[in-house]
Structure formats: structure tokens, C-alpha cells
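Asker: Sharing coords-v7.cif (mmCIF, C-alpha atoms and all ligand atoms; chains and numbers go by the auth columns) below.
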```cif
data_target
#
loop_
_atom_site.group_PDB
_atom_site.id
_atom_site.type_symbol
_atom_site.label_atom_id
_atom_site.label_comp_id
_atom_site.label_asym_id
_atom_site.label_seq_id
_atom_site.Cartn_x
_atom_site.Cartn_y
_atom_site.Cartn_z
_atom_site.B_iso_or_equiv
_atom_site.auth_seq_id
_atom_site.auth_asym_id
ATOM 1 C CA MET A 1 82.259 55.433 -3.529 0.00 512 F
ATOM 2 C CA TYR A 2 81.004 52.801 -5.947 0.00 513 F
ATOM 3 C CA THR A 3 80.662 54.581 -9.293 0.00 514 F
ATOM 4 C CA GLU A 4 81.172 51.673 -11.691 0.00 515 F
ATOM 5 C CA ARG A 5 80.025 48.111 -11.078 0.00 516 F
ATOM 6 C CA PHE A 6 82.661 45.376 -10.951 0.00 517 F
ATOM 7 C CA ASP A 7 81.028 43.647 -13.950 0.00 518 F
ATOM 8 C CA LYS A 8 80.347 46.975 -15.750 0.00 519 F
ATOM 9 C CA ARG A 9 76.540 46.589 -15.596 0.00 520 F
ATOM 10 C CA ASN A 10 74.263 49.594 -15.246 0.00 521 F
ATOM 11 C CA PHE A 11 73.016 50.043 -11.695 0.00 522 F
ATOM 12 C CA ASN A 12 69.485 49.016 -12.719 0.00 523 F
ATOM 13 C CA GLU A 13 70.579 46.097 -14.922 0.00 524 F
ATOM 14 C CA LEU A 14 69.975 42.413 -14.225 0.00 525 F
ATOM 15 C CA ARG A 15 72.614 39.797 -14.956 0.00 526 F
ATOM 16 C CA PRO A 16 71.982 37.625 -18.067 0.00 527 F
ATOM 17 C CA MET A 17 69.172 35.151 -17.369 0.00 528 F
ATOM 18 C CA GLU A 18 67.874 31.797 -18.585 0.00 529 F
ATOM 19 C CA ALA A 19 64.659 30.042 -17.626 0.00 530 F
ATOM 20 C CA GLU A 20 63.257 26.679 -18.637 0.00 531 F
ATOM 21 C CA THR A 21 60.651 24.298 -17.292 0.00 532 F
ATOM 22 C CA GLY A 22 59.988 20.560 -17.479 0.00 533 F
ATOM 23 C CA ILE A 23 63.602 19.548 -16.932 0.00 534 F
ATOM 24 C CA VAL A 24 63.108 16.755 -14.335 0.00 535 F
ATOM 25 C CA PRO A 25 61.125 13.944 -15.976 0.00 536 F
ATOM 26 C CA ASN A 26 60.152 12.207 -12.726 0.00 537 F
ATOM 27 C CA ALA A 27 58.791 15.291 -10.973 0.00 538 F
ATOM 28 C CA LYS A 28 55.262 16.606 -11.437 0.00 539 F
ATOM 29 C CA GLY A 29 56.747 19.988 -12.333 0.00 540 F
ATOM 30 C CA SER A 30 60.245 21.418 -12.555 0.00 541 F
ATOM 31 C CA ALA A 31 62.229 24.459 -13.596 0.00 542 F
ATOM 32 C CA ARG A 32 65.701 25.897 -13.868 0.00 543 F
ATOM 33 C CA PHE A 33 66.491 29.577 -13.452 0.00 544 F
ATOM 34 C CA ARG A 34 69.910 31.111 -13.970 0.00 545 F
ATOM 35 C CA ILE A 35 70.868 34.708 -13.308 0.00 546 F
ATOM 36 C CA GLY A 36 74.568 35.415 -13.874 0.00 547 F
ATOM 37 C CA ASN A 37 76.523 32.768 -11.998 0.00 548 F
ATOM 38 C CA THR A 38 73.626 31.841 -9.714 0.00 549 F
ATOM 39 C CA GLU A 39 71.498 28.894 -10.752 0.00 550 F
ATOM 40 C CA ALA A 40 68.559 27.150 -9.057 0.00 551 F
ATOM 41 C CA VAL A 41 66.834 23.926 -10.071 0.00 552 F
ATOM 42 C CA ALA A 42 63.405 23.231 -8.551 0.00 553 F
ATOM 43 C CA ALA A 43 61.266 20.102 -8.587 0.00 554 F
ATOM 44 C CA VAL A 44 57.678 19.801 -7.352 0.00 555 F
ATOM 45 C CA TYR A 45 55.879 16.641 -6.236 0.00 556 F
ATOM 46 C CA GLY A 46 52.182 16.437 -5.402 0.00 557 F
ATOM 47 C CA PRO A 47 49.518 17.203 -4.463 0.00 558 F
ATOM 48 C CA GLU A 48 50.095 13.986 -2.511 0.00 559 F
ATOM 49 C CA GLU A 49 49.234 12.352 0.824 0.00 560 F
ATOM 50 C CA VAL A 50 50.501 14.365 3.811 0.00 561 F
ATOM 51 C CA LYS A 51 53.393 12.793 5.700 0.00 562 F
ATOM 52 C CA PRO A 52 53.801 13.118 8.642 0.00 563 F
ATOM 53 C CA ARG A 53 50.019 12.950 9.110 0.00 564 F
ATOM 54 C CA HIS A 54 49.894 15.395 12.038 0.00 565 F
ATOM 55 C CA ILE A 55 50.782 18.370 9.782 0.00 566 F
ATOM 56 C CA GLU A 56 47.740 17.707 7.562 0.00 567 F
ATOM 57 C CA LYS A 57 45.236 20.626 7.270 0.00 568 F
ATOM 58 C CA ALA A 58 41.548 19.825 6.734 0.00 569 F
ATOM 59 C CA ASP A 59 40.879 22.988 4.725 0.00 570 F
ATOM 60 C CA ARG A 60 44.006 23.388 2.604 0.00 571 F
ATOM 61 C CA ALA A 61 47.248 21.900 1.332 0.00 572 F
ATOM 62 C CA VAL A 62 50.548 22.242 3.177 0.00 573 F
ATOM 63 C CA ILE A 63 53.838 23.075 1.490 0.00 574 F
ATOM 64 C CA LEU A 64 56.992 21.224 2.452 0.00 575 F
ATOM 65 C CA CYS A 65 59.985 23.001 0.922 0.00 576 F
ATOM 66 C CA LYS A 66 63.700 22.266 1.163 0.00 577 F
ATOM 67 C CA TYR A 67 66.468 24.521 -0.142 0.00 578 F
ATOM 68 C CA ASP A 68 69.874 22.961 -0.576 0.00 579 F
ATOM 69 C CA MET A 69 73.211 24.236 -1.882 0.00 580 F
ATOM 70 C CA LEU A 70 75.080 21.515 -3.732 0.00 581 F
ATOM 71 C CA PRO A 71 78.629 21.002 -2.400 0.00 582 F
ATOM 72 C CA PHE A 72 80.223 22.291 -5.621 0.00 583 F
ATOM 73 C CA SER A 73 78.015 25.424 -5.833 0.00 584 F
ATOM 74 C CA VAL A 74 80.435 27.642 -3.880 0.00 585 F
ATOM 75 C CA PRO A 75 84.238 28.020 -3.809 0.00 586 F
ATOM 76 C CA ASP A 76 84.513 26.499 -0.270 0.00 587 F
ATOM 77 C CA ARG A 77 82.564 23.236 -0.655 0.00 588 F
ATOM 78 C CA ALA A 78 79.105 23.667 0.935 0.00 589 F
ATOM 79 C CA LYS A 79 78.637 21.251 3.853 0.00 590 F
ATOM 80 C CA PRO A 80 76.036 18.528 3.243 0.00 591 F
ATOM 81 C CA GLY A 81 72.869 18.595 5.370 0.00 592 F
ATOM 82 C CA MET A 82 70.713 21.548 6.368 0.00 593 F
ATOM 83 C CA ASP A 83 72.286 24.343 8.382 0.00 594 F
ATOM 84 C CA ARG A 84 70.470 27.317 9.949 0.00 595 F
ATOM 85 C CA ARG A 85 70.728 29.342 6.750 0.00 596 F
ATOM 86 C CA ASP A 86 69.183 26.533 4.672 0.00 597 F
ATOM 87 C CA ILE A 87 66.321 26.213 7.192 0.00 598 F
ATOM 88 C CA GLU A 88 65.691 29.984 7.123 0.00 599 F
ATOM 89 C CA ILE A 89 65.735 30.127 3.314 0.00 600 F
ATOM 90 C CA SER A 90 63.410 27.087 3.061 0.00 601 F
ATOM 91 C CA GLN A 91 61.019 28.904 5.417 0.00 602 F
ATOM 92 C CA VAL A 92 61.002 32.220 3.533 0.00 603 F
ATOM 93 C CA ILE A 93 60.441 30.385 0.233 0.00 604 F
ATOM 94 C CA THR A 94 57.530 28.497 1.844 0.00 605 F
ATOM 95 C CA ASN A 95 56.033 31.727 3.203 0.00 606 F
ATOM 96 C CA ALA A 96 56.117 33.362 -0.226 0.00 607 F
ATOM 97 C CA LEU A 97 54.670 30.310 -1.993 0.00 608 F
ATOM 98 C CA ASN A 98 51.893 30.119 0.614 0.00 609 F
ATOM 99 C CA ARG A 99 50.649 33.395 -0.936 0.00 610 F
ATOM 100 C CA ALA A 100 51.166 32.289 -4.550 0.00 611 F
ATOM 101 C CA ILE A 101 49.579 28.810 -4.524 0.00 612 F
ATOM 102 C CA ILE A 102 45.827 28.505 -3.928 0.00 613 F
ATOM 103 C CA LEU A 103 46.178 25.972 -1.130 0.00 614 F
ATOM 104 C CA GLU A 104 42.441 25.966 -0.297 0.00 615 F
ATOM 105 C CA GLU A 105 41.791 24.148 -3.572 0.00 616 F
ATOM 106 C CA MET A 106 43.789 21.129 -2.336 0.00 617 F
ATOM 107 C CA PRO A 107 42.594 20.234 1.192 0.00 618 F
ATOM 108 C CA ARG A 108 44.418 17.442 3.075 0.00 619 F
ATOM 109 C CA ALA A 109 47.231 17.394 0.487 0.00 620 F
ATOM 110 C CA MET A 110 50.960 18.047 0.563 0.00 621 F
ATOM 111 C CA ILE A 111 53.044 19.903 -2.018 0.00 622 F
ATOM 112 C CA ASN A 112 56.660 18.833 -1.814 0.00 623 F
ATOM 113 C CA ILE A 113 59.189 21.278 -3.260 0.00 624 F
ATOM 114 C CA ARG A 114 62.942 20.720 -3.572 0.00 625 F
ATOM 115 C CA VAL A 115 65.311 23.466 -4.667 0.00 626 F
ATOM 116 C CA TYR A 116 68.951 22.814 -5.435 0.00 627 F
ATOM 117 C CA ILE A 117 71.544 25.520 -5.995 0.00 628 F
ATOM 118 C CA THR A 118 74.035 24.310 -8.574 0.00 629 F
ATOM 119 C CA GLN A 119 76.020 27.580 -8.647 0.00 630 F
ATOM 120 C CA ALA A 120 75.933 30.421 -6.145 0.00 631 F
ATOM 121 C CA ASP A 121 76.999 34.008 -6.715 0.00 632 F
ATOM 122 C CA ALA A 122 74.546 35.794 -4.370 0.00 633 F
ATOM 123 C CA GLY A 123 70.771 36.013 -4.761 0.00 634 F
ATOM 124 C CA THR A 124 70.145 32.292 -4.331 0.00 635 F
ATOM 125 C CA ARG A 125 66.941 32.657 -2.249 0.00 636 F
ATOM 126 C CA CYS A 126 65.449 34.855 -4.978 0.00 637 F
ATOM 127 C CA ALA A 127 66.557 32.537 -7.791 0.00 638 F
ATOM 128 C CA SER A 128 65.111 29.610 -5.788 0.00 639 F
ATOM 129 C CA LEU A 129 61.742 31.314 -5.426 0.00 640 F
ATOM 130 C CA THR A 130 61.591 32.181 -9.105 0.00 641 F
ATOM 131 C CA ALA A 131 62.484 28.581 -10.078 0.00 642 F
ATOM 132 C CA ALA A 132 60.106 27.064 -7.495 0.00 643 F
ATOM 133 C CA SER A 133 57.150 29.153 -8.641 0.00 644 F
ATOM 134 C CA MET A 134 57.781 28.208 -12.291 0.00 645 F
ATOM 135 C CA ALA A 135 57.993 24.551 -11.235 0.00 646 F
ATOM 136 C CA CYS A 136 54.643 24.854 -9.397 0.00 647 F
ATOM 137 C CA ALA A 137 53.045 26.341 -12.514 0.00 648 F
ATOM 138 C CA ASP A 138 54.658 23.581 -14.598 0.00 649 F
ATOM 139 C CA ALA A 139 53.079 21.047 -12.205 0.00 650 F
ATOM 140 C CA GLY A 140 49.684 22.605 -12.986 0.00 651 F
ATOM 141 C CA LEU A 141 49.047 23.729 -9.401 0.00 652 F
ATOM 142 C CA PRO A 142 46.328 26.382 -8.950 0.00 653 F
ATOM 143 C CA MET A 143 48.117 29.716 -8.452 0.00 654 F
ATOM 144 C CA ARG A 144 47.201 33.334 -7.859 0.00 655 F
ATOM 145 C CA ASP A 145 50.343 34.389 -9.747 0.00 656 F
ATOM 146 C CA LEU A 146 53.963 33.434 -10.406 0.00 657 F
ATOM 147 C CA VAL A 147 56.587 34.750 -7.992 0.00 658 F
ATOM 148 C CA ALA A 148 59.298 36.964 -9.475 0.00 659 F
ATOM 149 C CA ALA A 149 62.179 37.595 -7.102 0.00 660 F
ATOM 150 C CA VAL A 150 65.444 39.510 -7.162 0.00 661 F
ATOM 151 C CA ALA A 151 67.788 41.152 -4.682 0.00 662 F
ATOM 152 C CA ALA A 152 68.406 44.877 -4.848 0.00 663 F
ATOM 153 C CA GLY A 153 70.405 47.034 -2.483 0.00 664 F
ATOM 154 C CA LYS A 154 72.857 49.803 -1.908 0.00 665 F
ATOM 155 C CA ILE A 155 76.593 49.707 -2.457 0.00 666 F
ATOM 156 C CA GLY A 156 78.435 52.765 -1.188 0.00 667 F
ATOM 157 C CA ASP A 157 76.136 55.575 -2.389 0.00 668 F
ATOM 158 C CA SER A 158 74.564 53.688 -5.269 0.00 669 F
ATOM 159 C CA VAL A 159 71.234 51.873 -5.352 0.00 670 F
ATOM 160 C CA CYS A 160 71.852 48.646 -7.278 0.00 671 F
ATOM 161 C CA LEU A 161 69.884 45.807 -8.797 0.00 672 F
ATOM 162 C CA ASP A 162 70.837 42.132 -8.594 0.00 673 F
ATOM 163 C CA LEU A 163 74.011 42.174 -6.471 0.00 674 F
ATOM 164 C CA THR A 164 76.834 39.686 -7.036 0.00 675 F
ATOM 165 C CA LYS A 165 78.725 38.102 -4.137 0.00 676 F
ATOM 166 C CA GLU A 166 81.642 40.452 -4.840 0.00 677 F
ATOM 167 C CA GLU A 167 79.248 43.405 -4.490 0.00 678 F
ATOM 168 C CA GLU A 168 77.621 42.009 -1.331 0.00 679 F
ATOM 169 C CA ASP A 169 81.121 41.854 0.177 0.00 680 F
ATOM 170 C CA PHE A 170 81.912 45.527 -0.641 0.00 681 F
ATOM 171 C CA HIS A 171 83.381 46.973 2.543 0.00 682 F
ATOM 172 C CA GLU A 172 84.412 50.546 1.703 0.00 683 F
ATOM 173 C CA GLY A 173 82.469 53.477 3.207 0.00 684 F
ATOM 174 C CA GLU A 174 78.931 52.459 4.096 0.00 685 F
ATOM 175 C CA GLY A 175 79.550 48.960 2.724 0.00 686 F
ATOM 176 C CA ALA A 176 76.738 47.011 1.065 0.00 687 F
ATOM 177 C CA THR A 177 73.078 46.526 1.930 0.00 688 F
ATOM 178 C CA ASP A 178 71.245 43.592 0.394 0.00 689 F
ATOM 179 C CA VAL A 179 67.450 43.441 0.121 0.00 690 F
ATOM 180 C CA PRO A 180 65.963 40.265 -1.361 0.00 691 F
ATOM 181 C CA ILE A 181 62.450 41.038 -2.652 0.00 692 F
ATOM 182 C CA ALA A 182 59.774 38.827 -4.185 0.00 693 F
ATOM 183 C CA PHE A 183 56.574 39.965 -5.871 0.00 694 F
ATOM 184 C CA LEU A 184 53.338 38.536 -7.174 0.00 695 F
ATOM 185 C CA PRO A 185 53.571 40.986 -10.077 0.00 696 F
ATOM 186 C CA SER A 186 49.997 40.949 -11.339 0.00 697 F
ATOM 187 C CA LYS A 187 48.690 41.380 -7.769 0.00 698 F
ATOM 188 C CA ASN A 188 51.239 44.082 -6.940 0.00 699 F
ATOM 189 C CA GLU A 189 51.936 42.161 -3.734 0.00 700 F
ATOM 190 C CA ILE A 190 55.289 41.755 -1.956 0.00 701 F
ATOM 191 C CA VAL A 191 55.685 38.205 -0.624 0.00 702 F
ATOM 192 C CA LEU A 192 59.292 38.422 0.589 0.00 703 F
ATOM 193 C CA LEU A 193 61.300 41.361 1.859 0.00 704 F
ATOM 194 C CA GLN A 194 64.461 40.885 3.894 0.00 705 F
ATOM 195 C CA LEU A 195 67.189 43.328 4.789 0.00 706 F
ATOM 196 C CA ASP A 196 70.857 42.646 5.391 0.00 707 F
ATOM 197 C CA GLY A 197 72.631 45.902 6.261 0.00 708 F
ATOM 198 C CA ARG A 198 71.538 49.440 7.065 0.00 709 F
ATOM 199 C CA VAL A 199 69.464 51.737 4.905 0.00 710 F
ATOM 200 C CA SER A 200 67.332 54.901 5.237 0.00 711 F
ATOM 201 C CA LYS A 201 63.571 54.856 4.614 0.00 712 F
ATOM 202 C CA GLU A 202 64.027 56.898 1.398 0.00 713 F
ATOM 203 C CA ASP A 203 66.686 54.540 0.063 0.00 714 F
ATOM 204 C CA LEU A 204 64.605 51.494 0.962 0.00 715 F
ATOM 205 C CA LYS A 205 61.801 52.926 -1.197 0.00 716 F
ATOM 206 C CA LYS A 206 64.250 53.362 -4.104 0.00 717 F
ATOM 207 C CA ILE A 207 65.554 49.810 -3.577 0.00 718 F
ATOM 208 C CA VAL A 208 62.028 48.343 -3.647 0.00 719 F
ATOM 209 C CA GLU A 209 61.249 50.351 -6.790 0.00 720 F
ATOM 210 C CA ILE A 210 64.378 49.172 -8.635 0.00 721 F
ATOM 211 C CA GLY A 211 63.668 45.620 -7.409 0.00 722 F
ATOM 212 C CA LYS A 212 60.145 45.804 -8.781 0.00 723 F
ATOM 213 C CA GLU A 213 61.365 46.919 -12.204 0.00 724 F
ATOM 214 C CA GLY A 214 63.822 43.999 -12.240 0.00 725 F
ATOM 215 C CA ALA A 215 61.167 41.542 -11.074 0.00 726 F
ATOM 216 C CA MET A 216 58.865 42.561 -13.940 0.00 727 F
ATOM 217 C CA LYS A 217 61.584 41.526 -16.425 0.00 728 F
ATOM 218 C CA ILE A 218 62.018 38.206 -14.618 0.00 729 F
ATOM 219 C CA TYR A 219 58.228 37.726 -14.694 0.00 730 F
ATOM 220 C CA GLU A 220 58.185 38.142 -18.492 0.00 731 F
ATOM 221 C CA LEU A 221 60.958 35.548 -18.832 0.00 732 F
ATOM 222 C CA GLU A 222 59.086 33.105 -16.570 0.00 733 F
ATOM 223 C CA LYS A 223 55.906 33.442 -18.608 0.00 734 F
ATOM 224 C CA LYS A 224 57.859 32.943 -21.859 0.00 735 F
ATOM 225 C CA ALA A 225 59.462 29.746 -20.504 0.00 736 F
ATOM 226 C CA LEU A 226 56.071 28.350 -19.463 0.00 737 F
ATOM 227 C CA LYS A 227 54.432 29.279 -22.771 0.00 738 F
ATOM 228 C CA ARG A 228 57.293 27.589 -24.659 0.00 739 F
ATOM 229 C CA ARG A 229 56.821 24.440 -22.599 0.00 740 F
ATOM 230 C CA PHE A 230 53.066 24.262 -23.063 0.00 741 F
ATOM 231 C CA SER A 231 53.171 25.050 -26.778 0.00 742 F
ATOM 232 C CA ASN A 232 55.808 22.281 -27.277 0.00 743 F
ATOM 233 C CA GLU A 233 53.612 19.896 -25.310 0.00 744 F
ATOM 234 C CA SER A 234 50.532 20.626 -27.408 0.00 745 F
ATOM 235 C CA LYS A 235 52.568 19.892 -30.574 0.00 746 F
ATOM 236 C CA SER A 236 53.780 16.472 -29.325 0.00 747 F
HETATM 237 O O1 LIG B . 72.179 33.552 -1.643 0.00 801 U
HETATM 238 P P1 LIG B . 71.468 34.648 -0.914 0.00 801 U
HETATM 239 O O2 LIG B . 71.986 36.009 -1.325 0.00 801 U
HETATM 240 O O3 LIG B . 69.987 34.549 -1.002 0.00 801 U
HETATM 241 O O4 LIG B . 71.764 34.445 0.636 0.00 801 U
HETATM 242 P P2 LIG B . 73.027 34.871 1.536 0.00 801 U
HETATM 243 O O5 LIG B . 72.929 34.053 2.788 0.00 801 U
HETATM 244 O O6 LIG B . 73.072 36.353 1.666 0.00 801 U
HETATM 245 O O7 LIG B . 74.290 34.364 0.738 0.00 801 U
HETATM 246 C C1 LIG B . 74.959 35.191 -0.163 0.00 801 U
HETATM 247 C C2 LIG B . 75.944 34.396 -0.967 0.00 801 U
HETATM 248 O O8 LIG B . 77.001 33.926 -0.126 0.00 801 U
HETATM 249 C C3 LIG B . 75.439 33.130 -1.639 0.00 801 U
HETATM 250 O O9 LIG B . 74.626 33.361 -2.763 0.00 801 U
HETATM 251 C C4 LIG B . 76.756 32.481 -1.987 0.00 801 U
HETATM 252 O O10 LIG B . 77.308 33.101 -3.146 0.00 801 U
HETATM 253 C C5 LIG B . 77.604 32.818 -0.753 0.00 801 U
HETATM 254 N N1 LIG B . 77.668 31.665 0.170 0.00 801 U
HETATM 255 C C6 LIG B . 78.803 30.871 0.169 0.00 801 U
HETATM 256 O O11 LIG B . 79.734 31.149 -0.585 0.00 801 U
HETATM 257 N N2 LIG B . 78.867 29.762 1.002 0.00 801 U
HETATM 258 C C7 LIG B . 77.840 29.446 1.820 0.00 801 U
HETATM 259 N N3 LIG B . 77.921 28.378 2.608 0.00 801 U
HETATM 260 C C8 LIG B . 76.686 30.257 1.840 0.00 801 U
HETATM 261 C C9 LIG B . 76.641 31.373 1.010 0.00 801 U
#
```
For the structure just supplied, provide its representation as C-alpha cells.

Answerer:
Amino acid sequence: MYTERFDKRNFNELRPMEAETGIVPNAKGSARFRIGNTEAVAAVYGPEEVKPRHIEKADRAVILCKYDMLPFSVPDRAKPGMDRRDIEISQVITNALNRAIILEEMPRAMINIRVYITQADAGTRCASLTAASMACADAGLPMRDLVAAVAAGKIGDSVCLDLTKEEEDFHEGEGATDVPIAFLPSKNEIVLLQLDGRVSKEDLKKIVEIGKEGAMKIYELEKKALKRRFSNESKS
């Protein structure tokens, strides 16, 4: 049984969040997104010449995305270099952004995206996607929508929003199920859905619903951060 959350949050409550854009002066666009003790910093370069040339597409841009956990982001120093998990996360971020960015408007170009995790307490792929999509908007790339992403899941008998690492590691009874979800909110489109654990069809529906409600709040925060940035820019 998991009747009260370790950090006393309601089951449908997100951790405290912060979002800001334009934080890396030498990138075309950048953003930072923090949710609880998980923080992602994203920087976007391009559209630029495609390298290596053989991955160039005549009718659209290609996205090259790298996710990286900084060594000090986790209690046991993260190893430098890309492991299988980093490659998988880079790929799922790319897949989601392929739906968000209007690549056809930038043929023969490359969009280079770097995401660094400065602190990790679960939900880093979702925080990365949220930060990366804000950074793409900050770079002025043509987009169908921002991506708003959050993990939801089930701990014991309870459907939960925005799991911490301590919750992901819950081992009593049925244990924990973690479902990272990303939406294009204004299109009502899911662009990432993964599942770590076991869950019934009915519970998966509830998890997606609670995830969607959380993502809408993240979406509002993303839009606020971008508006703040562009209104500051027009003043200066
Ligand atoms: O981060 P996310 O939930 O998207 O992916 P995960 O592979 O399910 O990782 C869950 C969490 O495990 C991370 O957010 C970190 O808190 C932790 N982790 C870690 O402590 N050391 C690693 N090398 C990788 C993950």
C-alpha cells in the first residue's frame, strides 16, 4: 500500500517547477527546466550545414540530439561518454521533436540539440524534452507546438503523477510502474509513451489522463517563460 507520498504531495501534484529560456548566450536557442530535484539544460544550434553529409535529407531538416547526464547529477558519479541509456533517451527525444518541429521548412539543414542533466531525481527524459522544445522555440524554429512531458505511473495501488527516484524504487506489493509521456498539447497528440513495469489497460488510461493534466500545467509554464523572454527582448 502506498497511501501517502514520501514528499507529502497529492497523487496528482507536480513537483515545484522553474522554466527559463535564453540562458546560453552562444547557442541559437536555449532553456532550463527544473522539476523538483531534476533539472535539464538544453541548447540548440542551427539550422546549419549537415555533417556528416550522407545524413542530409533533400526535403527536410535532420535533428541530431544528444542527452548527457553530468557526472555530478546523480549520487554515484555518472560515467562520462554515452551509454546505452543515453543513446535510447537521445533517440526518444529526437522522435518526439521530429513531430514538433516543422522539418520540411528547412530542407538540407541540421538542427543540433544538446541536453545536459545537472541534477537527476527521476523523470530526466521528460524534463529534457520539455527543455529541448523550449530551446527550439527560443531559437525561432518553425514548430507545430511545444512539447510538454512528464512521467506518471502507479505505486502500489495508487496512480501517481511525476514520480521521484525514491518512488520509482518502491518495491512493496506490486512495486512501481513508470510511464514517461510527452504531448503536443494544442494538437492533442502523444509524441512519447514508454512503460517501465506492469499495468492493466484501465490503469494505463488513468495514468495517461493524469499525465495529460500534469503536462497542461507544464505547457502553461513553458509558454510563460517564452513570453517573458520575448517581451524582455522587445524592451531592450
Ligand atoms: O530519468 P528517467 O526517469 O527518464 O530515466 P530512467 O532511466 O528511468 O532513470 C531514472 C532515474 O534513475 C534517473 O532520473 C536518475 O535519478 C537515476 N539514475 C541514476 O541515479 N544513475 C544513472 N546512471 C542513471 C539513472

Asker: Evaluating the PyMOL selection byres (((chain F and resi 614) around 9) and not hetatm) on the displayed file yields which residues, as an NGL selection string?

Answerer: :F and (570-574 or 609-613 or 615-618 or 620 or 653-654)

Asker: As a check of understanding, name the residues that the PyMOL selection byres (((chain F and resi 514) around 9) and not hetatm) selects in the supplied structure, as a PyMOL selection string.

Answerer: chain F and resi 512-513+515-516+667-669

Asker: On this structure, the PyMOL selection byres (((not hetatm)) within 10 of (chain U and resi 801)) would catch which residues? List them as a PyMOL selection string, sorted by chain and number.

Answerer: chain F and resi 548-550+580-582+584-590+594+596-597+599-600+628+630-640+661-662+673-677+679-680+689-691+705-707

Asker: Nearest to Val719 of chain F: which of F:Glu700, F:Ile598, F:Gly664, F:Lys735 is it, counting all atoms listed in the file?

Answerer: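 Looking at the shortest contact to Val719 of chain F, the residue is F:Gly664.
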
Asker: Enter the distance from atom CA of Lys717 of chain F to atom CA of Gln602 of chain F, in Å, rounded to one decimal.

Answerer: 26.4 Å

Asker: Put the listed atoms of segment 606-623 of chain F in a box along x, y and z with 3 Å added on every side and give me the centre and edge lengths in Å to one decimal, as lines of an AutoDock Vina configuration file.

Answerer:
```
center_x = 49.2
center_y = 25.4
center_z = -0.7
size_x = 20.9
size_y = 22.0
size_z = 13.8
```

Asker: Which residues come within 7 Å of Ala551 of chain F, counting all atoms listed in the file, excluding same-chain residues fewer than 4 positions away, as number ranges by chain?

Answerer: F: 543-545, 626-629, 638-639, 642
